[in-house]
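Novice: So I've got this file, target_24.cif, and it contains mmCIF, C-alpha atoms:
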data_run
loop_
_atom_site.label_atom_id
_atom_site.label_comp_id
_atom_site.auth_asym_id
_atom_site.auth_seq_id
_atom_site.Cartn_x
_atom_site.Cartn_y
_atom_site.Cartn_z
CA MET P 1 33.10 81.48 -107.21
CA ALA P 2 35.34 84.45 -106.21
CA ALA P 3 34.19 84.17 -102.61
CA ALA P 4 35.30 80.53 -102.38
CA TRP P 5 38.77 81.18 -103.87
CA ARG P 6 39.51 83.91 -101.36
CA GLY P 7 39.90 81.25 -98.71
CA GLY P 8 43.14 79.89 -100.14
CA PRO P 9 44.22 76.36 -101.16
CA ALA P 10 42.45 74.64 -98.24
CA LYS P 11 39.09 76.17 -99.07
CA GLY P 12 39.68 75.45 -102.75
CA LEU P 13 40.14 71.77 -101.99
CA GLU P 14 36.91 71.78 -99.95
CA VAL P 15 35.02 73.20 -102.92
CA LEU P 16 36.63 70.67 -105.27
CA ARG P 17 35.21 67.85 -103.14
CA THR P 18 31.65 69.10 -103.72
CA LEU P 19 32.03 69.90 -107.43
CA PRO P 20 31.10 67.28 -110.08
CA ARG P 21 33.76 65.07 -111.72
CA VAL P 22 35.70 66.58 -114.63
CA SER P 23 34.42 65.16 -117.92
CA LEU P 24 34.07 66.20 -121.55
CA THR P 25 30.81 67.95 -120.72
CA ASN P 26 32.24 70.39 -118.20
CA LEU P 27 35.47 71.43 -119.96
CA GLN P 28 35.83 75.00 -121.11
CA PRO P 29 38.75 77.00 -122.56
CA ASN P 30 40.19 79.87 -120.48
CA PRO P 31 38.03 82.97 -120.98
CA GLY P 32 39.63 85.18 -123.60
CA SER P 33 41.74 82.47 -125.23
CA ARG P 34 39.33 81.82 -128.07
CA LYS P 35 38.16 84.89 -129.96
CA LYS P 36 34.95 84.62 -132.04
CA THR P 37 35.51 85.42 -135.72
CA LYS P 38 33.25 88.19 -136.85
CA CYS P 39 30.95 87.18 -139.70
CA LYS P 40 30.96 89.65 -142.59
CA ARG P 41 27.24 89.49 -143.39
CA GLY P 42 24.67 92.23 -143.27
CA ARG P 43 24.17 95.45 -141.33
CA TYR P 44 27.57 96.35 -139.77
CA GLY P 45 29.77 93.36 -140.60
CA GLY P 46 28.73 93.60 -144.23
CA ASN P 47 28.54 96.51 -146.69
CA LYS P 48 32.28 96.95 -147.53
CA CYS P 49 33.35 94.07 -145.20
CA GLY P 50 36.34 95.93 -143.73
CA ARG P 51 38.02 96.48 -147.11
CA GLY P 52 37.50 100.21 -147.55
CA ASN P 53 36.73 101.98 -150.84
CA LYS P 54 37.81 101.19 -154.45
CA GLY P 55 41.37 100.22 -155.36
CA TYR P 56 43.17 96.87 -155.82
CA ALA P 57 43.10 96.08 -152.11
CA ARG P 58 39.36 95.62 -152.40
CA GLY P 59 39.58 92.87 -154.95
CA GLY P 60 42.42 91.07 -153.13
CA ASN P 61 45.01 92.01 -155.75
CA ARG P 62 47.63 93.59 -153.50
CA PRO P 63 51.31 93.60 -154.62
CA ARG P 64 53.99 91.31 -153.12
CA LEU P 65 55.36 91.67 -149.57
CA GLY P 66 57.99 94.39 -149.33
CA PHE P 67 56.76 96.40 -152.32
CA GLU P 68 56.76 100.11 -151.54
CA GLY P 69 54.72 101.45 -154.45
CA GLY P 70 57.70 101.70 -156.80
CA GLN P 71 60.26 103.19 -154.39
CA THR P 72 63.30 100.94 -154.03
CA PRO P 73 62.20 98.69 -151.19
CA PHE P 74 64.21 98.45 -147.95
CA TYR P 75 65.35 94.89 -148.62
CA LEU P 76 66.92 95.95 -151.96
CA ALA P 77 68.20 99.39 -150.93
CA ILE P 78 70.44 98.09 -148.14
CA PRO P 79 73.75 96.81 -149.60
CA LYS P 80 74.85 93.22 -149.04
CA TYR P 81 77.63 92.37 -146.61
CA GLY P 82 78.90 88.99 -145.55
CA TYR P 83 77.81 89.05 -141.90
CA ASN P 84 76.11 85.72 -142.20
CA GLU P 85 78.25 84.30 -144.97
CA GLY P 86 79.01 80.66 -144.34
CA HIS P 87 76.96 80.74 -141.12
CA SER P 88 75.67 77.25 -141.79
CA LEU P 89 79.22 75.92 -141.84
CA ARG P 90 80.42 77.61 -138.67
CA ARG P 91 81.10 75.49 -135.60
CA GLN P 92 78.61 76.02 -132.79
CA TYR P 93 79.13 75.22 -129.15
CA HIS P 94 76.08 75.06 -126.91
CA PRO P 95 76.75 77.14 -123.76
CA LEU P 96 76.66 75.37 -120.42
CA SER P 97 76.71 77.81 -117.52
CA LEU P 98 78.30 76.88 -114.22
CA LYS P 99 75.00 77.85 -112.62
CA ARG P 100 73.24 75.10 -114.61
CA LEU P 101 76.00 72.63 -113.82
CA GLN P 102 75.63 73.34 -110.11
CA TYR P 103 71.85 73.04 -110.46
CA LEU P 104 72.17 69.63 -112.11
CA ILE P 105 74.59 68.37 -109.48
CA ASP P 106 72.44 69.68 -106.63
CA LEU P 107 69.34 68.02 -108.00
CA GLY P 108 71.20 64.74 -108.35
CA ARG P 109 70.89 64.59 -112.13
CA LEU P 110 74.68 64.62 -112.50
CA ASP P 111 76.96 62.45 -110.40
CA PRO P 112 80.09 64.35 -109.32
CA THR P 113 81.71 61.14 -108.11
CA GLN P 114 81.99 59.96 -111.72
CA PRO P 115 83.79 61.81 -114.55
CA ILE P 116 81.34 64.17 -116.22
CA ASP P 117 81.29 63.80 -119.94
CA LEU P 118 79.03 64.88 -122.82
CA THR P 119 77.33 61.49 -122.53
CA GLN P 120 76.55 62.13 -118.86
CA LEU P 121 75.29 65.63 -119.62
CA THR P 122 73.03 64.34 -122.39
CA ASN P 123 71.74 61.42 -120.34
CA SER P 124 70.77 63.76 -117.52
CA ARG P 125 69.14 66.04 -120.13
CA GLY P 126 71.35 68.87 -118.92
CA VAL P 127 72.19 69.95 -122.49
CA ALA P 128 70.56 69.29 -125.83
CA VAL P 129 73.28 68.95 -128.45
CA GLN P 130 72.27 68.78 -132.12
CA PRO P 131 75.21 67.47 -134.16
CA LEU P 132 73.23 67.97 -137.38
CA LYS P 133 72.93 71.69 -136.69
CA LYS P 134 76.73 72.08 -136.80
CA ASP P 135 77.00 71.75 -133.01
CA TYR P 136 80.48 70.61 -132.16
CA GLY P 137 79.82 70.21 -128.47
CA VAL P 138 79.46 72.24 -125.33
CA GLN P 139 81.28 75.28 -123.98
CA LEU P 140 81.56 76.21 -120.33
CA VAL P 141 80.30 79.70 -119.61
CA GLU P 142 80.96 81.89 -116.58
CA GLU P 143 77.40 82.53 -115.39
CA GLY P 144 77.29 81.27 -111.81
CA VAL P 145 80.99 81.59 -111.08
CA ASP P 146 80.37 82.94 -107.60
CA ILE P 147 77.91 80.17 -106.68
CA PHE P 148 79.81 77.17 -108.04
CA SER P 149 81.10 74.84 -105.34
CA ALA P 150 81.33 71.32 -106.74
CA LYS P 151 84.38 69.12 -107.17
CA VAL P 152 84.09 67.52 -110.60
CA ASN P 153 86.15 65.92 -113.32
CA ILE P 154 84.55 67.51 -116.34
CA GLU P 155 85.25 67.25 -120.04
CA VAL P 156 83.85 69.89 -122.40
CA GLN P 157 84.73 71.16 -125.85
CA MET P 158 85.58 74.76 -124.93
CA ALA P 159 85.95 76.65 -121.70
CA SER P 160 86.72 80.22 -120.79
CA GLU P 161 89.59 81.01 -118.45
CA LEU P 162 87.40 82.05 -115.52
CA ALA P 163 85.33 78.86 -115.76
CA VAL P 164 88.52 76.79 -115.71
CA ALA P 165 89.77 78.75 -112.70
CA VAL P 166 86.58 78.18 -110.72
CA ILE P 167 86.51 74.44 -111.35
CA GLU P 168 90.15 74.09 -110.31
CA LYS P 169 89.61 76.29 -107.29
CA ASN P 170 87.00 73.84 -106.03
CA GLY P 171 89.44 70.97 -106.43
CA GLY P 172 88.15 69.64 -109.71
CA ILE P 173 89.73 68.95 -113.06
CA ILE P 174 88.66 70.24 -116.43
CA THR P 175 89.71 69.07 -119.89
CA THR P 176 88.77 70.35 -123.33
CA ALA P 177 88.45 67.67 -125.97
CA PHE P 178 87.44 67.55 -129.62
CA TYR P 179 84.76 65.31 -131.10
CA ASP P 180 84.24 65.15 -134.83
CA GLN P 181 80.65 65.11 -136.08
CA ARG P 182 80.30 61.32 -136.19
CA SER P 183 81.85 60.84 -132.75
CA LEU P 184 79.68 63.62 -131.36
CA ASP P 185 76.56 61.93 -132.62
CA ILE P 186 77.69 58.69 -131.01
CA VAL P 187 78.62 60.34 -127.72
CA CYS P 188 75.30 62.18 -127.44
CA LYS P 189 73.15 59.19 -128.40
CA PRO P 190 75.06 56.06 -127.41
CA VAL P 191 72.15 53.60 -127.29
CA PRO P 192 70.89 54.17 -130.87
CA PHE P 193 74.49 53.79 -132.01
CA PHE P 194 74.98 50.49 -130.18
CA LEU P 195 71.73 49.20 -131.67
CA ARG P 196 73.20 49.75 -135.15
CA GLY P 197 75.74 46.99 -134.51
CA GLN P 198 78.68 48.95 -135.87
CA PRO P 199 82.11 48.85 -134.23
CA ILE P 200 82.95 51.94 -132.19
CA PRO P 201 84.96 54.19 -134.52
CA LYS P 202 88.10 55.97 -133.44
CA ARG P 203 87.66 59.66 -132.69
CA MET P 204 89.22 61.87 -135.32
CA LEU P 205 91.83 64.48 -134.48
CA PRO P 206 90.85 68.17 -134.59
CA PRO P 207 91.07 70.20 -137.82
CA GLU P 208 93.98 72.58 -138.48
CA ASP P 209 92.47 75.67 -136.92
CA LEU P 210 91.59 73.82 -133.71
CA VAL P 211 94.89 72.00 -133.21
CA ARG P 212 96.43 75.09 -131.67
CA TYR P 213 93.54 75.39 -129.23
CA TYR P 214 93.66 71.78 -128.09
CA THR P 215 97.44 71.61 -127.73
CA ASP P 216 97.48 74.70 -125.52
CA PRO P 217 97.84 73.90 -121.80
CA LYS P 218 96.09 77.16 -120.94
CA ASN P 219 92.88 75.82 -122.45
CA ARG P 220 93.51 72.46 -120.70
CA GLY P 221 93.50 70.84 -124.12
CA TYR P 222 93.46 67.06 -124.27
CA LEU P 223 96.45 67.06 -126.62
CA ALA P 224 98.56 69.33 -124.42
CA ASP P 225 101.57 68.24 -122.38
CA PRO P 226 100.32 67.11 -118.92
CA SER P 227 103.25 68.71 -117.07
CA LYS P 228 102.59 72.01 -118.81
CA VAL P 229 98.93 71.73 -117.87
CA LEU P 230 99.96 71.53 -114.22
CA GLU P 231 102.15 74.62 -114.61
CA ALA P 232 99.19 76.39 -116.17
CA ARG P 233 97.05 75.38 -113.16
CA LEU P 234 99.53 77.02 -110.81
CA GLU P 235 99.71 80.14 -112.95
CA LEU P 236 95.95 80.45 -113.01
CA ALA P 237 95.83 80.07 -109.22
CA LYS P 238 98.31 82.93 -108.93
CA LYS P 239 96.34 85.07 -111.33
CA TYR P 240 92.98 84.64 -109.61
CA GLY P 241 94.37 84.61 -106.11
CA TYR P 242 93.29 81.24 -104.69
CA VAL P 243 95.29 78.40 -103.22
CA LEU P 244 95.25 75.49 -105.63
CA PRO P 245 94.00 72.43 -103.71
CA ASP P 246 96.22 69.39 -103.98
CA VAL P 247 94.35 66.87 -106.10
CA THR P 248 96.79 64.03 -105.39
CA LYS P 249 95.80 64.01 -101.72
CA ASP P 250 92.14 63.81 -102.57
CA GLU P 251 90.29 60.55 -101.91
CA LEU P 252 88.73 60.76 -105.38
CA PHE P 253 92.10 61.28 -107.09
CA GLN P 254 91.73 58.09 -109.16
CA MET P 255 88.42 59.25 -110.57
CA LEU P 256 89.55 62.86 -111.01
CA SER P 257 92.65 61.95 -112.94
CA THR P 258 90.89 59.61 -115.40
CA ARG P 259 91.07 61.03 -118.87
CA LYS P 260 90.05 59.67 -122.21
CA ASP P 261 92.59 58.68 -124.79
CA PRO P 262 92.51 61.07 -127.80
CA ARG P 263 91.06 58.27 -129.96
CA GLN P 264 88.57 57.02 -127.40
CA ILE P 265 84.90 57.98 -127.44
CA PHE P 266 83.57 56.27 -124.31
CA PHE P 267 85.18 55.66 -120.96
CA GLY P 268 85.88 51.96 -120.66
CA LEU P 269 85.33 51.14 -124.33
CA ALA P 270 88.02 51.18 -126.99
CA PRO P 271 87.55 51.82 -130.72
CA GLY P 272 86.88 48.67 -132.70
CA TRP P 273 84.68 46.99 -130.10
CA VAL P 274 81.12 46.07 -130.91
CA VAL P 275 78.54 46.37 -128.15
CA ASN P 276 75.68 43.89 -128.29
CA MET P 277 72.81 45.45 -126.33
CA SER P 278 70.37 42.52 -126.53
CA GLU P 279 72.83 39.84 -125.39
CA LYS P 280 74.77 42.28 -123.17
CA LYS P 281 78.12 41.29 -124.66
CA ILE P 282 81.12 43.15 -126.03
CA LEU P 283 82.90 41.78 -129.10
CA LYS P 284 86.52 42.74 -129.60
CA PRO P 285 88.45 42.47 -132.88
CA VAL P 286 91.07 39.74 -133.12
CA ASP P 287 92.50 40.26 -136.61
CA GLU P 288 95.98 41.86 -136.69
CA LYS P 289 95.14 44.42 -139.34
CA LEU P 290 92.07 45.59 -137.47
CA LEU P 291 93.97 45.82 -134.21
CA LYS P 292 96.70 47.80 -135.93
CA TYR P 293 94.14 50.16 -137.47
CA TYR P 294 92.22 50.73 -134.27
CA SER P 295 95.29 51.32 -132.17
CA SER P 296 96.91 53.83 -134.52
CA THR C 297 90.52 49.67 -118.59
CA PRO C 298 90.96 49.62 -122.36
CA VAL C 299 94.17 49.89 -124.36
CA ALA C 300 95.62 53.38 -124.50
CA CYS C 301 95.87 53.53 -128.27
CA PHE C 302 96.98 57.06 -128.87
CA ALA C 303 98.44 57.92 -125.51
CA ALA C 304 99.48 61.44 -124.70
CA SER C 305 102.99 60.08 -124.25
CA HIS C 306 103.26 59.68 -128.03
CA LEU C 307 102.39 63.34 -128.45
CA HIS C 308 104.82 64.62 -125.86
CA PRO C 309 107.74 62.19 -125.62
CA GLN C 310 110.01 64.79 -124.02
CA GLY C 311 107.56 65.83 -121.36
CA MET C 312 106.93 63.89 -118.18
CA GLY C 313 104.12 61.36 -118.15
CA SER C 314 100.89 62.21 -116.39
CA GLU C 315 101.79 60.22 -113.25
CA GLN C 316 105.09 62.01 -112.78
CA SER C 317 103.46 65.35 -113.44
CA TRP C 318 101.10 64.93 -110.49
CA SER C 319 104.05 64.59 -108.11
CA LEU C 320 105.27 68.01 -109.31
CA ALA C 321 102.04 69.55 -108.10
CA GLN C 322 102.74 68.53 -104.50
CA SER C 323 105.94 70.55 -104.35
CA SER C 324 104.70 73.96 -105.46
CA CYS C 325 101.14 74.58 -104.54
CA PHE C 326 101.16 78.16 -103.46
CA GLY C 327 100.57 81.32 -105.44
CA GLU C 328 102.76 84.37 -105.24
CA ILE C 329 100.72 86.13 -102.58
CA THR C 330 100.93 83.74 -99.66
CA HIS C 331 100.28 86.18 -96.84
CA SER C 332 96.71 87.05 -96.07
CA PRO C 333 95.13 90.06 -97.66
CA PHE C 334 91.47 89.73 -96.88
CA SER C 335 89.00 90.55 -99.63
CA LEU C 336 85.86 92.43 -98.75
CA THR C 337 82.98 91.62 -101.01
CA VAL C 338 79.63 93.31 -101.43
CA ASN C 339 77.64 91.84 -104.29
CA SER C 340 80.31 91.63 -106.96
CA LYS C 341 82.64 94.46 -106.02
CA ALA C 342 85.99 93.21 -104.83
CA GLU C 343 88.22 95.02 -102.38
CA VAL C 344 91.66 93.85 -101.39
CA ARG C 345 93.46 95.49 -98.51
CA PHE C 346 96.65 94.80 -96.60
CA HIS C 347 98.85 96.64 -94.15
CA LEU C 348 101.57 98.11 -96.33
CA ALA C 349 104.21 98.77 -93.69
CA SER C 350 104.19 95.21 -92.38
CA ALA C 351 104.18 93.54 -95.81
CA ASP C 352 107.45 91.59 -95.67
CA TRP C 353 107.07 90.20 -99.16
CA ILE C 354 107.64 93.63 -100.68
CA PRO C 355 111.16 95.12 -100.40
CA GLU C 356 111.45 98.15 -98.08
CA ASP C 357 112.29 100.77 -100.73
CA VAL C 358 109.48 99.55 -102.98
CA ARG C 359 107.09 99.78 -100.07
CA GLN C 360 108.05 103.37 -99.41
CA LYS C 361 107.71 104.26 -103.05
CA ILE C 362 104.22 102.78 -103.18
CA ALA C 363 103.31 104.71 -100.04
CA VAL C 364 104.32 107.92 -101.82
CA MET C 365 102.87 107.16 -105.27
CA HIS C 366 99.52 105.84 -104.04
CA LYS C 367 99.11 107.78 -100.83
CA ASN C 368 95.48 108.42 -101.78
CA LYS C 369 94.80 104.71 -101.54
CA ILE C 370 96.27 104.29 -98.06
CA SER C 371 93.96 104.58 -95.10
CA LYS C 372 94.70 106.23 -91.77
CA SER C 373 95.54 102.89 -90.19
CA GLY C 374 98.10 102.22 -92.92
CA ASP C 375 96.11 99.74 -95.05
CA LEU C 376 96.57 99.89 -98.80
CA ILE C 377 93.08 99.49 -100.27
CA ILE C 378 92.45 98.45 -103.86
CA ASN C 379 88.97 98.23 -105.37
CA SER C 380 87.70 96.71 -108.53
CA GLU C 381 84.24 96.36 -110.03
CA VAL C 382 85.23 95.70 -113.61
CA SER C 383 82.98 92.71 -114.16
CA ARG C 384 79.89 91.13 -112.66
CA TYR C 385 81.89 88.20 -111.33
CA GLN C 386 83.62 88.61 -108.00
CA MET C 387 86.45 86.27 -109.01
CA ARG C 388 87.33 88.37 -111.98
CA ASN C 389 87.20 91.54 -109.91
CA ARG C 390 89.50 89.91 -107.37
CA ALA C 391 91.92 88.94 -110.14
CA ASP C 392 91.81 92.52 -111.36
CA CYS C 393 92.67 93.78 -107.85
CA LEU C 394 95.63 91.41 -107.68
CA GLN C 395 96.78 92.52 -111.11
CA LYS C 396 96.57 96.14 -109.94
CA ILE C 397 98.78 95.30 -106.96
CA ARG C 398 101.28 93.63 -109.28
CA ASP C 399 101.28 96.67 -111.56
CA MET C 400 101.82 99.00 -108.59
CA ILE C 401 104.80 96.99 -107.41
CA LEU C 402 106.22 96.91 -110.93
CA GLU C 403 105.84 100.66 -111.27
CA ALA C 404 107.53 101.22 -107.93
CA THR C 405 110.42 98.89 -108.81
CA GLU C 406 111.23 100.78 -111.99
CA LYS C 407 114.63 102.44 -111.82
CA PRO C 408 115.15 105.77 -113.61
CA GLN C 409 116.75 105.09 -116.99
CA VAL C 410 120.38 106.19 -116.96
CA LYS C 411 121.13 107.70 -120.34
CA ARG C 412 124.41 106.47 -121.74
CA LYS C 413 126.91 109.02 -122.97
CA GLU C 414 126.92 107.56 -126.46
CA THR C 415 123.13 107.80 -126.73
CA SER C 416 123.05 111.46 -125.73
CA GLU C 417 125.96 112.23 -128.11
CA MET C 418 124.16 110.43 -130.91
CA LEU C 419 120.97 112.41 -130.28
CA ILE C 420 122.84 115.75 -130.31
CA ALA C 421 124.61 114.76 -133.55
CA ARG C 422 121.23 113.88 -135.05
CA VAL C 423 119.72 117.25 -134.16
CA GLU C 424 122.73 119.11 -135.57
CA LYS C 425 122.57 117.13 -138.80
CA MET C 426 118.85 117.93 -139.15
CA ASN C 427 119.58 121.63 -138.70
CA ARG C 428 122.41 121.55 -141.25
CA GLU C 429 120.17 119.82 -143.78
CA ARG C 430 117.37 122.29 -143.12
CA LEU C 431 119.65 125.28 -143.70
CA ARG C 432 121.07 123.67 -146.88
CA GLN C 433 117.59 123.16 -148.30
CA LYS C 434 116.68 126.69 -147.32
CA LYS C 435 119.73 128.08 -149.18
CA LEU C 436 118.87 125.98 -152.27
CA ARG C 437 115.31 127.26 -152.28
CA SER C 438 116.51 130.81 -151.84
CA ALA C 439 118.90 130.40 -154.82
CA ILE C 440 116.05 129.08 -157.02
CA LYS C 441 113.84 132.00 -156.06
CA GLN C 442 116.63 134.49 -156.76
CA ASP C 443 117.17 132.93 -160.22
CA ARG C 444 113.50 133.55 -160.95
CA SER C 445 113.77 137.25 -160.22
CA VAL C 446 114.61 139.73 -162.99
CA ASP C 447 116.66 142.80 -162.15
CA PHE C 448 115.96 145.95 -164.08
CA ASP C 449 119.49 146.81 -165.02
#
Would you mind writing the file's structure down as structure tokens?

Specialist:
Amino acid sequence: MAAAWRGGPAKGLEVLRTLPRVSLTNLQPNPGSRKKTKCKRGRYGGNKCGRGNKGYARGGNRPRLGFEGGQTPFYLAIPKYGYNEGHSLRRQYHPLSLKRLQYLIDLGRLDPTQPIDLTQLTNSRGVAVQPLKKDYGVQLVEEGVDIFSAKVNIEVQMASELAVAVIEKNGGIITTAFYDQRSLDIVCKPVPFFLRGQPIPKRMLPPEDLVRYYTDPKNRGYLADPSKVLEARLELAKKYGYVLPDVTKDELFQMLSTRKDPRQIFFGLAPGWVVNMSEKKILKPVDEKLLKYYSS
Amino acid sequence: TPVACFAASHLHPQGMGSEQSWSLAQSSCFGEITHSPFSLTVNSKAEVRFHLASADWIPEDVRQKIAVMHKNKISKSGDLIINSEVSRYQMRNRADCLQKIRDMILEATEKPQVKRKETSEMLIARVEKMNRERLRQKKLRSAIKQDRSVDFD
């Protein structure tokens, strides 16, 4: 067999043509993947059967895991400290590197001519967000800063300064927005939500400790003053030494400047609407009280 | 397009709306360094260099001061060279280089602090007071120690 493989892929294909068809009778696991269990009977497998002489280990009566013969075991000797205290309640943001973003755009999985949102990222399987595991969204990370060259209108939950700078340098726009757990679940899995037949809820505002983050123009927060955001763009351009491209003169300015309302979950759909997937219809509320509630 | 229920205008009534803000951007697009320092890059090290003598955007006296303070960074042809390899990202290194240039200019623009007469007088008065207090305490201590002694009379 070795002689045939030395020829390369062409020779391999030749050999494949002559070999019999693959069926249950000629399947075999990779050599070395399945190890034969040694039977403990007679001559050399038997006698003490790998258990040694006397003692409790022979009869299978060993003490619990971690026991050190009476000495204070390691797991009790080391004092407690709250490194992981409340870890299950901490907000987590799945990192999205610029390298991966560029990869997705290059492969055509993400469309840069449309605003890129968590929904788009999830649909293209670019990120896997688990709202039940205390994921609050996605954060933009700097890996791939030197390679990134795509003009996008992107909305993430957190972004570092350098990532923001690179996106703006390439003529794009970045916004950081907050999604509460329910809205996040809806944004990441829109179709199962629509199949439930519930009206789209309004997105909740961020909690106290995040309000400061999302009202800061430096973080391009969605609750920040738009004019201050523009000032921050200029400042960042000065800091990193690039000329800020004029977005207003861009042909895709309309698309780039589209932003979601703070209470909106989906582009093009307002809270309170019900999406009927089977009949492909959208039902909007008519009652005054409902309209007042959903527009507050 | 759906109803803007909680528009940003409610949050920032004093600020300009988003449409007006975009027109602002057209007027001031350029950063502070608008001349052309070219940045050499090898992997992720960033180097910024520019001819110091012909840099019109720096005042003359500041330029001369920089030439004196950082003469080790000036090449034979008169280029001021600044390197940075702080991080693995070229952009960040470049930003660091620019920050270094800004710091250099700031250092060179510093004027020597002229000490006001009142300040120097105040300082001298302080020192004299400290000395007076020290001597007073010393005399007190000496008196206590003398009281402790017993003379064989």

Novice: Quick check on the file I pasted: which residues fall under the PyMOL selection byres ((chain P and resi 270) around 10)? Write them as a ChimeraX atom specification.

Specialist: /P:199-202,260-261,263-269,271-274,284,294-295 /C:297-301

Novice: Let me know the residues the PyMOL selection byres ((chain P and resi 101) around 10) catches in the file above, as a list in words.

Specialist: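 That expression, the PyMOL selection byres ((chain P and resi 101) around 10), corresponds here to Leu96, Ser97, Leu98, Lys99, Arg100, Gln102, Tyr103, Leu104, Ile105, Asp106, Leu107, Arg109, Leu110, Leu121, Gly126, Val127, Leu140, Gly144, Phe148 and Ala150 of chain P.
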
Novice: Apply the PyMOL selection byres ((chain P) within 8 of (chain C)) to the displayed file and report the matching residues as a count of residues only.

Specialist: 31

Novice: Here's a test: counting all atoms listed in the file, identify every protein, DNA and RNA residue with an atom at most 12 Å from (102.0, 106.5, -100.3) in the file's coordinate frame, and state them as a tab-separated table (two decimals) with C-alpha atoms, in the coordinates of the input.

Specialist:
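Output file part.tsv is given in full below:
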chain	number	residue	atom	x	y	z
C	348	LEU	CA	101.57	98.11	-96.33
C	349	ALA	CA	104.21	98.77	-93.69
C	357	ASP	CA	112.29	100.77	-100.73
C	358	VAL	CA	109.48	99.55	-102.98
C	359	ARG	CA	107.09	99.78	-100.07
C	360	GLN	CA	108.05	103.37	-99.41
C	361	LYS	CA	107.71	104.26	-103.05
C	362	ILE	CA	104.22	102.78	-103.18
C	363	ALA	CA	103.31	104.71	-100.04
C	364	VAL	CA	104.32	107.92	-101.82
C	365	MET	CA	102.87	107.16	-105.27
C	366	HIS	CA	99.52	105.84	-104.04
C	367	LYS	CA	99.11	107.78	-100.83
C	368	ASN	CA	95.48	108.42	-101.78
C	369	LYS	CA	94.80	104.71	-101.54
C	370	ILE	CA	96.27	104.29	-98.06
C	371	SER	CA	93.96	104.58	-95.10
C	372	LYS	CA	94.70	106.23	-91.77
C	374	GLY	CA	98.10	102.22	-92.92
C	375	ASP	CA	96.11	99.74	-95.05
C	376	LEU	CA	96.57	99.89	-98.80
C	377	ILE	CA	93.08	99.49	-100.27
C	400	MET	CA	101.82	99.00	-108.59
C	404	ALA	CA	107.53	101.22	-107.93

Novice: Given the choices P:Ser23, P:Thr119, P:Ser183, P:Ser88, which gets closest to Lys133 in chain P if the distance is worked out from all atoms listed in the file?

Specialist: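 Distance minimum relative to Lys133 in chain P lands on P:Ser88.
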
Novice: Out of C:Val423, C:Ile397, C:Leu402, C:Val382, which residue has the shortest atom-to-atom distance to Arg345 in chain C when counting all atoms listed in the file?

Specialist: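 Using all atoms listed in the file, the shortest distance to Arg345 in chain C belongs to C:Ile397.
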
Novice: For the atom pair CA of Val247 in chain P and CA of Pro206 in chain P, what is the interatomic distance in Å to one decimal place?

Specialist: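 We find that CA of Val247 in chain P and CA of Pro206 in chain P lie 28.7 Å from each other.
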
Novice: Provide the CA of Gly60 in chain P to CA of Ala77 in chain P distance in Å, to one decimal place.

Specialist: 27.2 Å

Novice: What's the separation between CA of Leu291 in chain P and CA of Gln254 in chain P, in Å to one decimal place?

Specialist: 28.0 Å
